[in-house]
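This report refers to the structure that appears directly beneath it.
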Amino acid sequence: MAKATVKAILVYLIYFLLVPMLAPLFELIPGLMESIEVFVIVYIMLMILGDLTAKTVFQYFFSTARALFFMAYLLLSMGDGMFNTSYENFSLTVNLTLFYTVAVLLSLLGFARTILQAINFMSERAEANSGLQL
Amino acid sequence: MNVPIRALGIATSIFWVLLMAFMVLAAFSVKDLNFDFGEPQFTPAPDGQLTFSLPLYVDNRGYYSLKEFHLSTVFSDEEGEEISRANTYIPVIPHGENTTIVHNVTLSTASLFENGEHYLFNDNNLNVSVTAGLNFAELLPVEISTNFTFPWGAPFYNFALGAPSYGRSSSTHDEVTVPMSFENHAFFDLIGNIRIELYDGAGSLLDETQTLVDVPQGSSYDGSVAFNVPLETASLSTARTGHFEVYFNTGLLEYGPLVIPYG
């Protein structure tokens with residue numbers, strides 16, 4: 001429980017420190033702030049649930065759900081990787097494809113890690129059960 | 001299996017930290033990037049070309065160099081027909097340096113005036129479409145575009161020939177004096193020649209004259225032109241109607257005839 005709280009506080013602190021840096025973007029993109037808030041809430045909840053169910057197979061369910069949620073959030077928010085916004089008569093286009101690609105690849109690695117952890121957990125438990133039976 | 005999983009976790013974390021650090025530095029770099037436009041300059045060339053030069057000052061105090069900077073402008077008329085297109089390309093704007101870029105747009109007056117006398121005698125607006133792009137931090141291509149109207153001042157705005165006045169110049173000729181006025185609203189000085197032909201109501205050429213004009217930008221011209229019409233020309237004294245045909249010839253433009261009836 002303490003570990004979950006500390007991790008949640010840490011993630012929130014990072015969010016708290018990063019938000020002022022992104023302030024100019026929030027003025028340009030309406031709804032970005034709310035979107036990031038929802039993301040941080042869901043991410044912290046899944047993290048806490050994962051920590052609360054530590055040492056059970058549910059921990060890996062929640063870790064996998066967190067990795068999947070992260071990927072889905074990235075994919076849904078990125079669209080085609082082109083960020084477009086307009087201000088008065090100006091139109092700004094930023095090609096974020098490369099950044100998103102790297103982020104999705106890294107989150108895929110995270111997803112693979114949680115699957116491996118789940119397999120490892122199940123195999124260790126099966127080994128322990130077979131050892132007990134012997 | 002625990003060791004590979006842990007190694008995978010550490011590697012993923014390191015890459016995430018690097019990616020985030022890059023994005024944060026990129027965001028800070030944008031803050032330290034300054035673009036400023038200088039005073040635009042217009043330079044008329046004798047071959048009928050107008051060069052519009054726009055200095056752009058880029059102060060890149062960010063952490064990254066800006067690559068593949070490009071700026072393109074397209075001038076078009078009210079109907080959307082393209083008049084001029086110009087591109088400027090700078091391969092690298094190094095970080096920590098102040099770079100001056102001069103964007104030159106060449107406007108051909110011949111192509112402008114071939115669409116009619118509209119741009120010669122009436123102030124107008126040209127549509128300008130500007131697109132600027134660069135590769136920020138070598139990874140993030142950014143493009144900004146805008147449209148605006150550019151005021152075009154007519155070089156012969158409100159050109160008018162007044163009512164002719166008649167007087168005897170000699171025993172064989174009448175002198176016809178015609179007031180001429182216009183305003184130079186263009187962004188260049190107007191130095192050239194105006195040739196006027198005087199026709200009577202039957203379409204016969206009575207006389208022609210030409211005058212040199214030197215009208216700085218933003219100022220008006222008020223003058224007169226005189227014709228010597230032979231006394232035996234009956235049409236002028238009887239009908240006193242007809243038309244002028246006006247031909248304009250400056251270093252930048254050549255246009256005519258502009259037909260103006262009188263009487």
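Following the order of the structure tokens, chains are lettered A, B, ..., residues in each are numbered from 1, and ligands are numbered from 1.
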*Pull the alpha helix (DSSP H) assignments for stretch 54-229 of chain B out of DSSP run on the backbone, and list those residues as a list in words.*
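So the alpha helix (DSSP H) residues in stretch 54-229 of chain B would be Thr109, Ala110, Ser111, Leu112, Phe113, His118, Tyr119, Leu120 and Phe121 of chain B.
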Hey, can you spit out that residue selection with C-alpha atoms as a short mmCIF file (atom, residue, chain, number, x, y, z; two decimals), in the first residue's frame?
data_model
loop_
_atom_site.label_atom_id
_atom_site.label_comp_id
_atom_site.auth_asym_id
_atom_site.auth_seq_id
_atom_site.Cartn_x
_atom_site.Cartn_y
_atom_site.Cartn_z
CA THR B 109 4.42 44.07 -63.90
CA ALA B 110 3.87 42.74 -67.39
CA SER B 111 2.01 39.72 -66.06
CA LEU B 112 0.16 41.92 -63.61
CA PHE B 113 -1.03 44.43 -66.17
CA HIS B 118 -7.46 47.38 -63.22
CA TYR B 119 -4.09 47.42 -61.47
CA LEU B 120 -2.96 50.55 -63.32
CA PHE B 121 -5.80 52.84 -62.35
#
*For chain B against chain A, which residues fall within 10 Å using only C-alpha atoms, given as an MDAnalysis selection string?*
chainID B and resid 1:2 4:9 11:13 15:16 19:20 22:24 27:28 31 130:136 139:148
Once you have the residues from the selection above, write them out as a JSON list (two decimals), in the first residue's frame, restricted to C-alpha atoms.
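In the end it all went to part.json:
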[["chain", "number", "residue", "atom", "x", "y", "z"],
["B", 1, "MET", "CA", 13.86, -15.21, -16.81],
["B", 2, "ASN", "CA", 13.93, -12.54, -14.15],
["B", 4, "PRO", "CA", 16.01, -10.43, -19.03],
["B", 5, "ILE", "CA", 12.74, -8.97, -17.74],
["B", 6, "ARG", "CA", 14.63, -6.61, -15.44],
["B", 7, "ALA", "CA", 17.04, -5.67, -18.25],
["B", 8, "LEU", "CA", 14.09, -4.99, -20.54],
["B", 9, "GLY", "CA", 12.53, -2.80, -17.86],
["B", 11, "ALA", "CA", 16.30, -0.34, -21.07],
["B", 12, "THR", "CA", 12.70, 0.82, -21.58],
["B", 13, "SER", "CA", 13.01, 3.28, -18.69],
["B", 15, "PHE", "CA", 14.76, 5.23, -23.49],
["B", 16, "TRP", "CA", 11.68, 6.88, -21.97],
["B", 19, "LEU", "CA", 12.70, 10.71, -25.13],
["B", 20, "MET", "CA", 11.16, 12.90, -22.43],
["B", 22, "PHE", "CA", 14.51, 15.48, -25.69],
["B", 23, "MET", "CA", 10.92, 16.74, -25.73],
["B", 24, "VAL", "CA", 11.44, 19.00, -22.70],
["B", 27, "ALA", "CA", 9.99, 22.79, -25.73],
["B", 28, "PHE", "CA", 12.55, 25.03, -24.01],
["B", 31, "LYS", "CA", 10.85, 29.40, -26.06],
["B", 130, "VAL", "CA", 2.92, 32.39, -47.09],
["B", 131, "THR", "CA", 4.24, 29.02, -45.96],
["B", 132, "ALA", "CA", 7.28, 28.64, -43.74],
["B", 133, "GLY", "CA", 8.67, 25.36, -42.51],
["B", 134, "LEU", "CA", 11.69, 23.91, -40.81],
["B", 135, "ASN", "CA", 12.96, 20.72, -39.32],
["B", 136, "PHE", "CA", 13.10, 21.42, -35.63],
["B", 139, "LEU", "CA", 13.29, 15.28, -35.81],
["B", 140, "LEU", "CA", 10.19, 17.44, -35.79],
["B", 141, "PRO", "CA", 9.16, 19.01, -39.08],
["B", 142, "VAL", "CA", 7.10, 22.12, -38.38],
["B", 143, "GLU", "CA", 5.17, 24.17, -40.91],
["B", 144, "ILE", "CA", 3.25, 27.38, -40.48],
["B", 145, "SER", "CA", 1.09, 28.98, -43.13],
["B", 146, "THR", "CA", -1.02, 32.05, -43.44],
["B", 147, "ASN", "CA", -2.94, 34.09, -45.99],
["B", 148, "PHE", "CA", -3.27, 37.82, -46.09]]
*Would you mind writing down, as a PyMOL selection string, each residue of stretch 76-122 of chain A that DSSP on the backbone assigns to strand (DSSP E or B)?*
chain A and resi 82-87+90-95
*Quick one: everything within 10 Å of stretch 192-208 of chain B, counting only C-alpha atoms, minus sequence neighbours fewer than 3 positions away in the same chain. Send it as a VMD selection string.*
chain B and resid 176 189 211 to 215 225 to 230 233 to 263
Kindly save the residues from that selection, with N, CA and C atoms included, as a short mmCIF file (atom, residue, chain, number, x, y, z; two decimals), in the first residue's frame.
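Output file part-v1.cif is given in full below:
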data_model
loop_
_atom_site.label_atom_id
_atom_site.label_comp_id
_atom_site.auth_asym_id
_atom_site.auth_seq_id
_atom_site.Cartn_x
_atom_site.Cartn_y
_atom_site.Cartn_z
N VAL B 176 -5.18 73.27 -78.44
CA VAL B 176 -6.14 72.59 -77.55
C VAL B 176 -5.38 72.16 -76.30
N ASP B 189 8.57 55.03 -57.50
CA ASP B 189 8.48 56.32 -58.20
C ASP B 189 8.16 56.06 -59.67
N THR B 211 4.24 63.74 -73.02
CA THR B 211 4.79 64.49 -71.90
C THR B 211 5.55 63.54 -70.98
N LEU B 212 6.61 64.07 -70.41
CA LEU B 212 7.39 63.27 -69.46
C LEU B 212 6.83 63.49 -68.06
N VAL B 213 6.71 62.43 -67.32
CA VAL B 213 6.21 62.56 -65.95
C VAL B 213 7.25 61.98 -65.00
N ASP B 214 7.38 62.65 -63.88
CA ASP B 214 8.28 62.17 -62.81
C ASP B 214 7.52 62.38 -61.51
N VAL B 215 6.85 61.34 -61.09
CA VAL B 215 5.96 61.46 -59.94
C VAL B 215 6.44 60.50 -58.84
N VAL B 225 -1.66 68.98 -71.13
CA VAL B 225 -1.00 68.66 -72.39
C VAL B 225 -1.63 69.55 -73.48
N ALA B 226 -0.82 69.90 -74.42
CA ALA B 226 -1.31 70.81 -75.46
C ALA B 226 -1.20 70.15 -76.84
N PHE B 227 -2.21 70.41 -77.66
CA PHE B 227 -2.23 69.89 -79.03
C PHE B 227 -2.31 71.07 -79.99
N ASN B 228 -1.68 70.93 -81.09
CA ASN B 228 -1.78 71.94 -82.15
C ASN B 228 -2.61 71.37 -83.29
N VAL B 229 -3.79 71.92 -83.42
CA VAL B 229 -4.72 71.37 -84.42
C VAL B 229 -4.82 72.36 -85.59
N PRO B 230 -4.58 71.89 -86.82
CA PRO B 230 -4.68 72.79 -87.97
C PRO B 230 -6.08 73.40 -88.09
N THR B 233 -9.04 71.89 -90.01
CA THR B 233 -9.73 70.70 -89.53
C THR B 233 -11.11 71.12 -89.03
N ALA B 234 -12.07 70.84 -89.81
CA ALA B 234 -13.42 71.33 -89.52
C ALA B 234 -14.06 70.63 -88.34
N SER B 235 -13.75 69.37 -88.18
CA SER B 235 -14.47 68.57 -87.18
C SER B 235 -14.29 69.11 -85.77
N LEU B 236 -13.09 69.61 -85.47
CA LEU B 236 -12.84 70.08 -84.11
C LEU B 236 -13.67 71.32 -83.79
N SER B 237 -13.70 72.22 -84.75
CA SER B 237 -14.40 73.47 -84.49
C SER B 237 -15.92 73.28 -84.51
N THR B 238 -16.39 72.32 -85.25
CA THR B 238 -17.83 72.14 -85.34
C THR B 238 -18.36 71.21 -84.25
N ALA B 239 -17.91 70.02 -84.29
CA ALA B 239 -18.48 69.04 -83.37
C ALA B 239 -17.88 69.13 -81.97
N ARG B 240 -16.61 69.32 -81.93
CA ARG B 240 -15.90 69.38 -80.66
C ARG B 240 -16.16 68.16 -79.79
N THR B 241 -16.27 67.06 -80.46
CA THR B 241 -16.37 65.78 -79.74
C THR B 241 -15.34 64.82 -80.35
N GLY B 242 -15.03 63.82 -79.62
CA GLY B 242 -14.07 62.84 -80.10
C GLY B 242 -13.52 62.02 -78.94
N HIS B 243 -12.31 61.56 -79.11
CA HIS B 243 -11.73 60.78 -78.01
C HIS B 243 -10.21 60.92 -77.99
N PHE B 244 -9.67 60.65 -76.82
CA PHE B 244 -8.22 60.61 -76.66
C PHE B 244 -7.80 59.14 -76.62
N GLU B 245 -6.62 58.87 -77.11
CA GLU B 245 -6.02 57.56 -76.90
C GLU B 245 -4.70 57.79 -76.18
N VAL B 246 -4.61 57.20 -75.01
CA VAL B 246 -3.47 57.47 -74.13
C VAL B 246 -2.58 56.23 -74.06
N TYR B 247 -1.27 56.46 -74.24
CA TYR B 247 -0.29 55.37 -74.15
C TYR B 247 0.70 55.68 -73.03
N PHE B 248 0.88 54.70 -72.14
CA PHE B 248 1.78 54.89 -71.00
C PHE B 248 3.04 54.08 -71.25
N ASN B 249 4.15 54.69 -70.98
CA ASN B 249 5.42 53.98 -71.14
C ASN B 249 6.40 54.42 -70.05
N THR B 250 6.64 53.54 -69.09
CA THR B 250 7.66 53.81 -68.08
C THR B 250 8.63 52.62 -68.13
N GLY B 251 9.62 52.69 -67.33
CA GLY B 251 10.56 51.57 -67.32
C GLY B 251 9.90 50.27 -66.88
N LEU B 252 8.86 50.39 -66.05
CA LEU B 252 8.23 49.20 -65.48
C LEU B 252 7.06 48.69 -66.29
N LEU B 253 6.41 49.59 -66.98
CA LEU B 253 5.18 49.17 -67.65
C LEU B 253 4.99 49.88 -68.98
N GLU B 254 4.26 49.21 -69.81
CA GLU B 254 3.91 49.77 -71.11
C GLU B 254 2.45 49.42 -71.33
N TYR B 255 1.63 50.41 -71.53
CA TYR B 255 0.21 50.12 -71.65
C TYR B 255 -0.46 51.13 -72.60
N GLY B 256 -1.39 50.65 -73.35
CA GLY B 256 -2.15 51.54 -74.19
C GLY B 256 -2.78 50.78 -75.36
N PRO B 257 -3.76 51.37 -76.00
CA PRO B 257 -4.30 52.70 -75.70
C PRO B 257 -5.42 52.65 -74.66
N LEU B 258 -5.48 53.70 -73.87
CA LEU B 258 -6.62 53.92 -72.98
C LEU B 258 -7.49 54.96 -73.68
N VAL B 259 -8.70 54.60 -73.98
CA VAL B 259 -9.57 55.48 -74.76
C VAL B 259 -10.45 56.30 -73.81
N ILE B 260 -10.35 57.60 -73.95
CA ILE B 260 -11.15 58.51 -73.10
C ILE B 260 -11.92 59.46 -74.02
N PRO B 261 -13.23 59.39 -74.01
CA PRO B 261 -14.00 60.31 -74.87
C PRO B 261 -14.04 61.72 -74.30
N TYR B 262 -14.23 62.67 -75.14
CA TYR B 262 -14.38 64.05 -74.66
C TYR B 262 -15.53 64.70 -75.45
N GLY B 263 -15.95 65.84 -74.92
CA GLY B 263 -16.97 66.61 -75.61
C GLY B 263 -18.38 66.14 -75.29
#
*Would you please work out which residue, of B:Ser76, B:Asn87, B:Thr177, B:Asn98, is nearest to B:Trp152 when using only C-alpha atoms?*
B:Ser76
*Would you please work out which residue, of B:Asn122, B:Gly167, B:Leu71, B:Thr149, is nearest to B:Phe182 when using only C-alpha atoms?*
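Looking only at the distances to B:Phe182, the closest residue turns out to be B:Asn122.
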*With a distance cut-off of 10 Å and only C-alpha atoms, select the neighbouring residues of B:Asn34, excluding the residue or stretch itself and same-chain residues fewer than 3 positions from it, and output the selection as a list of chain:residue names.*
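Skipping anything fewer than 3 positions along the chain leaves B:Val30, B:Lys31, B:Tyr57, B:Val58, B:Asp59, B:Asn60, B:Arg61, B:Gly62, B:Asn98.
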Residues within 10 Å of stretch 51-54 of chain A, please, as a PDB file with N, CA and C atoms, in the first residue's frame. Count only C-alpha atoms; anything in the same chain fewer than 5 positions from it doesn't count.
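Ended up saving to selection.pdb:
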ATOM      1  N   MET A   1       0.841  -1.208   0.000  1.00  0.00           N
ATOM      2  CA  MET A   1       0.000   0.000   0.000  1.00  0.00           C
ATOM      3  C   MET A   1       0.882   1.266   0.000  1.00  0.00           C
ATOM      4  N   ALA A   2       1.928   1.226   0.846  1.00  0.00           N
ATOM      5  CA  ALA A   2       2.836   2.379   0.938  1.00  0.00           C
ATOM      6  C   ALA A   2       3.546   2.587  -0.397  1.00  0.00           C
ATOM      7  N   LYS A   3       3.971   1.479  -1.017  1.00  0.00           N
ATOM      8  CA  LYS A   3       4.664   1.550  -2.305  1.00  0.00           C
ATOM      9  C   LYS A   3       3.754   2.185  -3.373  1.00  0.00           C
ATOM     10  N   ALA A   4       2.487   1.747  -3.363  1.00  0.00           N
ATOM     11  CA  ALA A   4       1.518   2.276  -4.331  1.00  0.00           C
ATOM     12  C   ALA A   4       1.340   3.774  -4.145  1.00  0.00           C
ATOM     13  N   THR A   5       1.259   4.182  -2.863  1.00  0.00           N
ATOM     14  CA  THR A   5       1.065   5.615  -2.578  1.00  0.00           C
ATOM     15  C   THR A   5       2.269   6.425  -3.052  1.00  0.00           C
ATOM     16  N   LYS A   7       4.465   5.703  -5.347  1.00  0.00           N
ATOM     17  CA  LYS A   7       4.539   5.728  -6.811  1.00  0.00           C
ATOM     18  C   LYS A   7       3.502   6.706  -7.389  1.00  0.00           C
ATOM     19  N   MET A  45      -4.572   5.241 -11.379  1.00  0.00           N
ATOM     20  CA  MET A  45      -5.501   4.234 -10.822  1.00  0.00           C
ATOM     21  C   MET A  45      -5.040   2.819 -11.163  1.00  0.00           C
ATOM     22  N   LEU A  46      -4.684   2.607 -12.430  1.00  0.00           N
ATOM     23  CA  LEU A  46      -4.215   1.271 -12.847  1.00  0.00           C
ATOM     24  C   LEU A  46      -2.913   0.910 -12.128  1.00  0.00           C
ATOM     25  N   GLN A  59      -1.928  -8.536 -10.636  1.00  0.00           N
ATOM     26  CA  GLN A  59      -0.944  -7.458 -10.784  1.00  0.00           C
ATOM     27  C   GLN A  59      -0.564  -7.304 -12.261  1.00  0.00           C
ATOM     28  N   TYR A  60      -0.368  -8.447 -12.927  1.00  0.00           N
ATOM     29  CA  TYR A  60       0.056  -8.417 -14.329  1.00  0.00           C
ATOM     30  C   TYR A  60      -1.101  -8.048 -15.251  1.00  0.00           C
ATOM     31  N   PHE A  61      -2.320  -8.399 -14.852  1.00  0.00           N
ATOM     32  CA  PHE A  61      -3.488  -7.950 -15.614  1.00  0.00           C
ATOM     33  C   PHE A  61      -3.519  -6.413 -15.656  1.00  0.00           C
ATOM     34  N   PHE A  62      -3.334  -5.848 -14.470  1.00  0.00           N
ATOM     35  CA  PHE A  62      -3.407  -4.378 -14.406  1.00  0.00           C
ATOM     36  C   PHE A  62      -2.214  -3.725 -15.103  1.00  0.00           C
ATOM     37  N   SER A  63      -1.035  -4.373 -14.968  1.00  0.00           N
ATOM     38  CA  SER A  63       0.142  -3.824 -15.672  1.00  0.00           C
ATOM     39  C   SER A  63      -0.077  -3.857 -17.183  1.00  0.00           C
TER      40      SER A  63
END
_Interatomic distance, atom CA of B:Pro164 to atom CA of B:Pro179 (Å, one decimal)_ = 7.3 Å
_Need to verify the contact set: A:Val42, 9 Å, only C-alpha atoms, exclusion of same-chain residues closer than 4 positions in sequence. Can you return it as number ranges by chain?_
A: 37-38, 46-47, 66, 69
Residues from the last selection, N, CA and C atoms, saved as a short mmCIF file (atom, residue, chain, number, x, y, z; two decimals), in the first residue's frame:
data_model
loop_
_atom_site.label_atom_id
_atom_site.label_comp_id
_atom_site.auth_asym_id
_atom_site.auth_seq_id
_atom_site.Cartn_x
_atom_site.Cartn_y
_atom_site.Cartn_z
N GLU A 37 -5.29 15.21 -18.15
CA GLU A 37 -5.78 14.95 -16.78
C GLU A 37 -6.43 13.57 -16.70
N VAL A 38 -7.29 13.27 -17.69
CA VAL A 38 -7.96 11.96 -17.71
C VAL A 38 -6.92 10.85 -17.82
N LEU A 46 -4.68 2.61 -12.43
CA LEU A 46 -4.22 1.27 -12.85
C LEU A 46 -2.91 0.91 -12.13
N MET A 47 -2.09 1.90 -11.89
CA MET A 47 -0.82 1.66 -11.18
C MET A 47 -1.08 1.27 -9.73
N ARG A 66 -2.53 -1.29 -18.18
CA ARG A 66 -1.89 0.04 -18.17
C ARG A 66 -1.09 0.26 -19.46
N PHE A 69 -3.54 0.65 -22.27
CA PHE A 69 -4.20 1.96 -22.18
C PHE A 69 -3.27 3.05 -22.71
#
